[in-house]
Structures are given as structure tokens and as C-alpha cells.
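Colleague: One structure coming up, written as C-alpha cells, with questions to follow.
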Amino acid sequence: MIDLHSHLLPNIDDGSKSIRASLRMAHEAVEDGIEAALMTPHHMNGHYMNHKADVIRLTQEFQAHLDKEKIPLQVFPSQEVRINGGLIDALDNDDILFADEDNRYLLLEFPDDDVPTYSDDMIFNIMQRGISVQIAHPERNLKIMAQPDILFNLIEKGAIAQVTASSYVGTFGKKVEKFSEAIVAHNLAHVFVSDAHDLPNREYEMRQAFHKLGTNLGKQYQQMFEKNAEAILDGNNVEKLIPEMIVKRRFFNGF
């Protein structure tokens, strides 16, 4: 498996706090079936600034630690970028890392409780540059939970979405689990990720999420998510199904 979203690099954001913790998390990733992972520290979110050159250097250093400890995990530099007024300038100044070497897939994060009013225009401008926007953990965004059509409109315009594996299996509670299931069932998500942190309930549950996905929607859907992660890492096209609108009343009735 490939994990496109994790916070393993030590001492640079709210993820791992030490190299020891990072190596332990890497062991857990491998035990969960992950062979390759993107290092996606927070960038430009008001608390953390993790510049491109720094993330590349730290990822190379971490890979050396993994190799020394004989942990079979391949890691690549990336960022989880908060949508903000300086993002276009950061792109122009070559301070943004992507999921792939061709600079096609950008991991974009909204505030936990909001989708800024300028998001549509900024995402349009980003996509006009040939960049595909990956929306991070929409299932935990309070504004999207209240107005699922926001996510539908973004996906319909060409964005793709990650769902955190732990959300899908219920680690963040029943409401988040049900909304995650709705996002996936309505073709509004394209990959599972760990979003692993060295925090309680922020562990690797990818294998469990894929098992549930296969049980709920079939092996073909499971394989699509797995192949999409590989496609994003390689800078290739992802497979998309026709997005469907989530009817909020049905969601809160638990389908």
C-alpha cells in the first residue's frame, strides 16, 4: 500500500516529536501493509512553516535512519498546504511540494471548521496551472459536514479527495464515520490515507479501512482506491466515478 498523507518527520509540526517516535511509527506503517509514504508536514497553516528545501532534506535524513534500522519503508517529501492568501506566491516562488515529481498533485487543507469564501477562485486558479488539488480530510471539516454540496461542487470541478482511514473505521466517532461512508458511497473520495500522527487515535488503520471498503462496496472499489494512490504518487490520472450529491437529510438519518 501507498500512504499519501502522514506526519512522521520529527519535531516540525504536530506529528512525531522525536526520531524514536518516527521510527516506531514507521514500524507500525510497515506492519499495516504500507511500503511507501509521503511525508506531508503542515505548511503555511498559521502555526507551522515547513519550506520545500527543509522538507526534502529532512526526508532524506529520515530515509537514512530507516535504512540503517532496516525498516522497509520508502519515504518521499511533500507537504500538507493550508489554503491561504499567500499560496499562489508560494507556488510562484517554488516553495511548494507535490505528491509526485511532475508537480501535478497538491495536497490542500482547509481550516477544521471552515471553507474560506475565496476557495473556489483559488482552486480554479491553481487548477488552471495544470495542478490537481487533493482535498485533505473533508470528512472532518465542520463546514463540509454541514454543507456536503461544497465537496460535491469541488469534486465536480475536478478536485479529488482523500479520506482518512481512521475516519472511515470509526476512530473519530460515529458521526465522522457515517459521513466518511457517505462521501465514499457517493463517489466523492478517491484514496484512503493514514494522516498518522504520534497522538492518541492517530494511528495506522489502512488495512482495516480497505477491508471495510471491500466489504461495503466490493473488491473493485477497493482496488480502485489502491491504484489511485499509486497513480497520484507517479503523477498519472486517477480513476474517478461520477460524483453524486449527498442529501443531508438522508445522511443524518444514517441512510
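Quick note on naming: the chains in the C-alpha cells go A, B, ... in the order shown, residues restart at 1 in each chain, and ligands are numbered from 1 in order of appearance.
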Pull the strand (DSSP E) assignments for region 87-216 of chain A out of DSSP run on the backbone, and list those residues as a PyMOL selection string.

Modeller: chain A and resi 105-109+132-135+160-164+191-193

Colleague: Could you list, as a PDB file with all heavy atoms, in the first residue's frame, every residue within 12 Å of Glu244 (chain A), counting only C-alpha atoms and ignoring same-chain residues fewer than 6 positions away?

Modeller:
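Output contents, as saved in around-v7.pdb:
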```pdb
ATOM      1  N   PRO A 148     -22.643  19.440   2.590  1.00  0.00           N
ATOM      2  CA  PRO A 148     -21.914  18.490   1.742  1.00  0.00           C
ATOM      3  C   PRO A 148     -21.821  18.898   0.276  1.00  0.00           C
ATOM      4  O   PRO A 148     -20.935  18.424  -0.442  1.00  0.00           O
ATOM      5  CB  PRO A 148     -22.730  17.194   1.891  1.00  0.00           C
ATOM      6  CG  PRO A 148     -23.528  17.355   3.135  1.00  0.00           C
ATOM      7  CD  PRO A 148     -23.793  18.814   3.257  1.00  0.00           C
ATOM      8  N   ASP A 149     -22.704  19.794  -0.158  1.00  0.00           N
ATOM      9  CA  ASP A 149     -22.647  20.242  -1.549  1.00  0.00           C
ATOM     10  C   ASP A 149     -21.353  20.981  -1.852  1.00  0.00           C
ATOM     11  O   ASP A 149     -20.932  21.053  -3.024  1.00  0.00           O
ATOM     12  CB  ASP A 149     -23.852  21.131  -1.868  1.00  0.00           C
ATOM     13  CG  ASP A 149     -23.939  22.349  -0.966  1.00  0.00           C
ATOM     14  OD1 ASP A 149     -24.081  22.165   0.253  1.00  0.00           O
ATOM     15  OD2 ASP A 149     -23.869  23.482  -1.483  1.00  0.00           O
ATOM     16  N   LEU A 151     -18.347  20.004  -1.022  1.00  0.00           N
ATOM     17  CA  LEU A 151     -17.428  18.977  -1.513  1.00  0.00           C
ATOM     18  C   LEU A 151     -17.856  18.495  -2.893  1.00  0.00           C
ATOM     19  O   LEU A 151     -17.012  18.337  -3.793  1.00  0.00           O
ATOM     20  CB  LEU A 151     -17.370  17.804  -0.535  1.00  0.00           C
ATOM     21  CG  LEU A 151     -16.449  16.652  -0.938  1.00  0.00           C
ATOM     22  CD1 LEU A 151     -15.009  17.120  -1.055  1.00  0.00           C
ATOM     23  CD2 LEU A 151     -16.566  15.504   0.068  1.00  0.00           C
ATOM     24  N   PHE A 152     -19.143  18.270  -3.085  1.00  0.00           N
ATOM     25  CA  PHE A 152     -19.639  17.827  -4.383  1.00  0.00           C
ATOM     26  C   PHE A 152     -19.217  18.798  -5.483  1.00  0.00           C
ATOM     27  O   PHE A 152     -18.732  18.387  -6.545  1.00  0.00           O
ATOM     28  CB  PHE A 152     -21.161  17.702  -4.352  1.00  0.00           C
ATOM     29  CG  PHE A 152     -21.776  17.428  -5.697  1.00  0.00           C
ATOM     30  CD1 PHE A 152     -21.829  16.145  -6.215  1.00  0.00           C
ATOM     31  CD2 PHE A 152     -22.301  18.469  -6.464  1.00  0.00           C
ATOM     32  CE1 PHE A 152     -22.387  15.891  -7.460  1.00  0.00           C
ATOM     33  CE2 PHE A 152     -22.857  18.232  -7.710  1.00  0.00           C
ATOM     34  CZ  PHE A 152     -22.902  16.933  -8.208  1.00  0.00           C
ATOM     35  N   ASN A 153     -19.372  20.087  -5.240  1.00  0.00           N
ATOM     36  CA  ASN A 153     -19.043  21.085  -6.258  1.00  0.00           C
ATOM     37  C   ASN A 153     -17.551  21.078  -6.580  1.00  0.00           C
ATOM     38  O   ASN A 153     -17.152  21.231  -7.743  1.00  0.00           O
ATOM     39  CB  ASN A 153     -19.488  22.476  -5.801  1.00  0.00           C
ATOM     40  CG  ASN A 153     -20.996  22.624  -5.771  1.00  0.00           C
ATOM     41  OD1 ASN A 153     -21.703  21.967  -6.532  1.00  0.00           O
ATOM     42  ND2 ASN A 153     -21.502  23.473  -4.889  1.00  0.00           N
ATOM     43  N   LEU A 154     -16.713  20.904  -5.568  1.00  0.00           N
ATOM     44  CA  LEU A 154     -15.275  20.864  -5.793  1.00  0.00           C
ATOM     45  C   LEU A 154     -14.873  19.626  -6.602  1.00  0.00           C
ATOM     46  O   LEU A 154     -14.057  19.715  -7.526  1.00  0.00           O
ATOM     47  CB  LEU A 154     -14.530  20.885  -4.457  1.00  0.00           C
ATOM     48  CG  LEU A 154     -14.589  22.195  -3.669  1.00  0.00           C
ATOM     49  CD1 LEU A 154     -14.009  22.007  -2.279  1.00  0.00           C
ATOM     50  CD2 LEU A 154     -13.840  23.309  -4.409  1.00  0.00           C
ATOM     51  N   ILE A 155     -15.461  18.489  -6.243  1.00  0.00           N
ATOM     52  CA  ILE A 155     -15.134  17.255  -6.970  1.00  0.00           C
ATOM     53  C   ILE A 155     -15.643  17.340  -8.405  1.00  0.00           C
ATOM     54  O   ILE A 155     -14.957  16.944  -9.355  1.00  0.00           O
ATOM     55  CB  ILE A 155     -15.748  16.030  -6.255  1.00  0.00           C
ATOM     56  CG1 ILE A 155     -15.199  15.907  -4.826  1.00  0.00           C
ATOM     57  CG2 ILE A 155     -15.479  14.757  -7.055  1.00  0.00           C
ATOM     58  CD1 ILE A 155     -13.706  15.830  -4.710  1.00  0.00           C
ATOM     59  N   GLU A 156     -16.830  17.887  -8.585  1.00  0.00           N
ATOM     60  CA  GLU A 156     -17.399  18.007  -9.926  1.00  0.00           C
ATOM     61  C   GLU A 156     -16.529  18.904 -10.820  1.00  0.00           C
ATOM     62  O   GLU A 156     -16.449  18.704 -12.034  1.00  0.00           O
ATOM     63  CB  GLU A 156     -18.817  18.560  -9.846  1.00  0.00           C
ATOM     64  CG  GLU A 156     -19.613  18.415 -11.129  1.00  0.00           C
ATOM     65  CD  GLU A 156     -21.050  18.848 -10.981  1.00  0.00           C
ATOM     66  OE1 GLU A 156     -21.302  19.906 -10.360  1.00  0.00           O
ATOM     67  OE2 GLU A 156     -21.930  18.132 -11.492  1.00  0.00           O
ATOM     68  N   ALA A 182     -20.604   8.096   3.630  1.00  0.00           N
ATOM     69  CA  ALA A 182     -21.420   8.793   2.632  1.00  0.00           C
ATOM     70  C   ALA A 182     -20.549   9.376   1.528  1.00  0.00           C
ATOM     71  O   ALA A 182     -20.881   9.290   0.337  1.00  0.00           O
ATOM     72  CB  ALA A 182     -22.235   9.894   3.309  1.00  0.00           C
ATOM     73  N   ILE A 183     -19.427   9.980   1.893  1.00  0.00           N
ATOM     74  CA  ILE A 183     -18.510  10.550   0.902  1.00  0.00           C
ATOM     75  C   ILE A 183     -18.035   9.471  -0.056  1.00  0.00           C
ATOM     76  O   ILE A 183     -18.040   9.651  -1.281  1.00  0.00           O
ATOM     77  CB  ILE A 183     -17.313  11.227   1.610  1.00  0.00           C
ATOM     78  CG1 ILE A 183     -17.754  12.529   2.288  1.00  0.00           C
ATOM     79  CG2 ILE A 183     -16.183  11.503   0.627  1.00  0.00           C
ATOM     80  CD1 ILE A 183     -16.671  13.168   3.148  1.00  0.00           C
ATOM     81  N   VAL A 184     -17.628   8.346   0.495  1.00  0.00           N
ATOM     82  CA  VAL A 184     -17.122   7.263  -0.344  1.00  0.00           C
ATOM     83  C   VAL A 184     -18.234   6.698  -1.225  1.00  0.00           C
ATOM     84  O   VAL A 184     -18.060   6.501  -2.431  1.00  0.00           O
ATOM     85  CB  VAL A 184     -16.485   6.163   0.527  1.00  0.00           C
ATOM     86  CG1 VAL A 184     -16.126   4.949  -0.325  1.00  0.00           C
ATOM     87  CG2 VAL A 184     -15.246   6.701   1.243  1.00  0.00           C
ATOM     88  N   ALA A 185     -19.400   6.441  -0.636  1.00  0.00           N
ATOM     89  CA  ALA A 185     -20.506   5.829  -1.373  1.00  0.00           C
ATOM     90  C   ALA A 185     -21.036   6.731  -2.482  1.00  0.00           C
ATOM     91  O   ALA A 185     -21.608   6.240  -3.463  1.00  0.00           O
ATOM     92  CB  ALA A 185     -21.637   5.463  -0.414  1.00  0.00           C
ATOM     93  N   HIS A 186     -20.831   8.044  -2.341  1.00  0.00           N
ATOM     94  CA  HIS A 186     -21.311   8.992  -3.351  1.00  0.00           C
ATOM     95  C   HIS A 186     -20.200   9.408  -4.327  1.00  0.00           C
ATOM     96  O   HIS A 186     -20.322  10.411  -5.024  1.00  0.00           O
ATOM     97  CB  HIS A 186     -21.910  10.227  -2.672  1.00  0.00           C
ATOM     98  CG  HIS A 186     -23.238   9.973  -2.021  1.00  0.00           C
ATOM     99  ND1 HIS A 186     -23.372   9.275  -0.833  1.00  0.00           N
ATOM    100  CD2 HIS A 186     -24.507  10.302  -2.405  1.00  0.00           C
ATOM    101  CE1 HIS A 186     -24.651   9.202  -0.514  1.00  0.00           C
ATOM    102  NE2 HIS A 186     -25.360   9.805  -1.444  1.00  0.00           N
ATOM    103  N   ASN A 187     -19.138   8.630  -4.364  1.00  0.00           N
ATOM    104  CA  ASN A 187     -18.039   8.839  -5.328  1.00  0.00           C
ATOM    105  C   ASN A 187     -17.375  10.198  -5.162  1.00  0.00           C
ATOM    106  O   ASN A 187     -16.936  10.822  -6.136  1.00  0.00           O
ATOM    107  CB  ASN A 187     -18.535   8.667  -6.765  1.00  0.00           C
ATOM    108  CG  ASN A 187     -19.176   7.318  -6.999  1.00  0.00           C
ATOM    109  OD1 ASN A 187     -18.801   6.323  -6.389  1.00  0.00           O
ATOM    110  ND2 ASN A 187     -20.178   7.282  -7.877  1.00  0.00           N
ATOM    111  N   LEU A 188     -17.272  10.655  -3.926  1.00  0.00           N
ATOM    112  CA  LEU A 188     -16.660  11.948  -3.622  1.00  0.00           C
ATOM    113  C   LEU A 188     -15.280  11.794  -2.992  1.00  0.00           C
ATOM    114  O   LEU A 188     -14.694  12.783  -2.539  1.00  0.00           O
ATOM    115  CB  LEU A 188     -17.571  12.753  -2.685  1.00  0.00           C
ATOM    116  CG  LEU A 188     -18.963  13.074  -3.235  1.00  0.00           C
ATOM    117  CD1 LEU A 188     -19.818  13.765  -2.178  1.00  0.00           C
ATOM    118  CD2 LEU A 188     -18.875  13.933  -4.494  1.00  0.00           C
ATOM    119  N   ALA A 189     -14.767  10.568  -2.942  1.00  0.00           N
ATOM    120  CA  ALA A 189     -13.425  10.303  -2.426  1.00  0.00           C
ATOM    121  C   ALA A 189     -12.704   9.390  -3.407  1.00  0.00           C
ATOM    122  O   ALA A 189     -13.337   8.634  -4.150  1.00  0.00           O
ATOM    123  CB  ALA A 189     -13.484   9.666  -1.047  1.00  0.00           C
TER     124      ALA A 189
END
```

Colleague: Check region 41-83 of chain A with DSSP on the backbone and list each residue it calls alpha helix (DSSP H), as an MDAnalysis selection string.

Modeller: chainID A and resid 52:68

Colleague: With N, CA and C atoms retained, write the just-selected residues as a PDB file, in the first residue's frame.

Modeller:
```
ATOM      1  N   LYS A  52       9.975  23.943   1.348  1.00  0.00           N
ATOM      2  CA  LYS A  52      10.290  22.838   0.441  1.00  0.00           C
ATOM      3  C   LYS A  52      11.689  22.265   0.675  1.00  0.00           C
ATOM      4  N   ALA A  53      12.693  23.115   0.690  1.00  0.00           N
ATOM      5  CA  ALA A  53      14.075  22.633   0.833  1.00  0.00           C
ATOM      6  C   ALA A  53      14.279  21.914   2.155  1.00  0.00           C
ATOM      7  N   ASP A  54      13.654  22.416   3.223  1.00  0.00           N
ATOM      8  CA  ASP A  54      13.795  21.783   4.537  1.00  0.00           C
ATOM      9  C   ASP A  54      13.148  20.407   4.555  1.00  0.00           C
ATOM     10  N   VAL A  55      11.961  20.301   3.960  1.00  0.00           N
ATOM     11  CA  VAL A  55      11.263  19.010   3.964  1.00  0.00           C
ATOM     12  C   VAL A  55      12.043  17.976   3.143  1.00  0.00           C
ATOM     13  N   ILE A  56      12.601  18.400   2.021  1.00  0.00           N
ATOM     14  CA  ILE A  56      13.412  17.480   1.215  1.00  0.00           C
ATOM     15  C   ILE A  56      14.601  16.973   2.022  1.00  0.00           C
ATOM     16  N   ARG A  57      15.300  17.878   2.681  1.00  0.00           N
ATOM     17  CA  ARG A  57      16.471  17.480   3.471  1.00  0.00           C
ATOM     18  C   ARG A  57      16.082  16.545   4.620  1.00  0.00           C
ATOM     19  N   LEU A  58      15.036  16.895   5.338  1.00  0.00           N
ATOM     20  CA  LEU A  58      14.625  16.080   6.487  1.00  0.00           C
ATOM     21  C   LEU A  58      14.123  14.708   6.051  1.00  0.00           C
ATOM     22  N   THR A  59      13.467  14.645   4.905  1.00  0.00           N
ATOM     23  CA  THR A  59      13.002  13.354   4.398  1.00  0.00           C
ATOM     24  C   THR A  59      14.183  12.474   4.009  1.00  0.00           C
ATOM     25  N   GLN A  60      15.187  13.044   3.401  1.00  0.00           N
ATOM     26  CA  GLN A  60      16.389  12.282   3.055  1.00  0.00           C
ATOM     27  C   GLN A  60      17.073  11.754   4.310  1.00  0.00           C
ATOM     28  N   GLU A  61      17.140  12.585   5.344  1.00  0.00           N
ATOM     29  CA  GLU A  61      17.746  12.156   6.611  1.00  0.00           C
ATOM     30  C   GLU A  61      16.929  11.035   7.252  1.00  0.00           C
ATOM     31  N   PHE A  62      15.610  11.151   7.177  1.00  0.00           N
ATOM     32  CA  PHE A  62      14.757  10.119   7.762  1.00  0.00           C
ATOM     33  C   PHE A  62      14.892   8.808   7.002  1.00  0.00           C
ATOM     34  N   GLN A  63      14.975   8.886   5.682  1.00  0.00           N
ATOM     35  CA  GLN A  63      15.184   7.660   4.895  1.00  0.00           C
ATOM     36  C   GLN A  63      16.484   6.976   5.291  1.00  0.00           C
ATOM     37  N   ALA A  64      17.520   7.752   5.583  1.00  0.00           N
ATOM     38  CA  ALA A  64      18.794   7.168   6.026  1.00  0.00           C
ATOM     39  C   ALA A  64      18.616   6.444   7.357  1.00  0.00           C
ATOM     40  N   HIS A  65      17.836   7.027   8.267  1.00  0.00           N
ATOM     41  CA  HIS A  65      17.542   6.353   9.543  1.00  0.00           C
ATOM     42  C   HIS A  65      16.776   5.051   9.305  1.00  0.00           C
ATOM     43  N   LEU A  66      15.788   5.098   8.421  1.00  0.00           N
ATOM     44  CA  LEU A  66      15.005   3.898   8.115  1.00  0.00           C
ATOM     45  C   LEU A  66      15.897   2.803   7.537  1.00  0.00           C
ATOM     46  N   ASP A  67      16.773   3.182   6.632  1.00  0.00           N
ATOM     47  CA  ASP A  67      17.668   2.202   6.019  1.00  0.00           C
ATOM     48  C   ASP A  67      18.616   1.608   7.055  1.00  0.00           C
ATOM     49  N   LYS A  68      19.113   2.454   7.940  1.00  0.00           N
ATOM     50  CA  LYS A  68      20.027   1.984   8.985  1.00  0.00           C
ATOM     51  C   LYS A  68      19.338   0.985   9.906  1.00  0.00           C
TER      52      LYS A  68
END
```

Colleague: What does the distance between CA of Phe98 (chain A) and CA of Glu80 (chain A) come to in Å, to one decimal place?

Modeller: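 CA of Phe98 (chain A) sits 9.0 Å away from CA of Glu80 (chain A).
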
Colleague: Could you work out how far CA of Asn125 (chain A) lies from CA of Ile88 (chain A), giving the answer in Å with one decimal?

Modeller: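 CA of Asn125 (chain A) lies 8.5 Å from CA of Ile88 (chain A).
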
Colleague: Taking into account only C-alpha atoms, which residue in the set A:Gln147, A:Asn84, A:Asn216, A:Asn50 is nearest to Ile96 (chain A)?

Modeller: A:Asn50

Colleague: Which residue gives the smallest distance to Ala231 (chain A) among A:Lys212, A:Lys143, A:Arg104, A:Lys157, with only C-alpha atoms counted?

Modeller: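 Counting only C-alpha atoms, the residue closest to Ala231 (chain A) is A:Arg104.
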
Colleague: Distance CA of Ala165 (chain A)-CA of Pro243 (chain A), one decimal place?

Modeller: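 The value is 20.1 Å.
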
Colleague: Looking at A:Phe179, A:Phe192, A:Phe76, A:Phe225, which one is nearest to His7 (chain A), with distances taken over only C-alpha atoms?

Modeller: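 With only C-alpha atoms as the atom set, the closest residue is A:Phe76.
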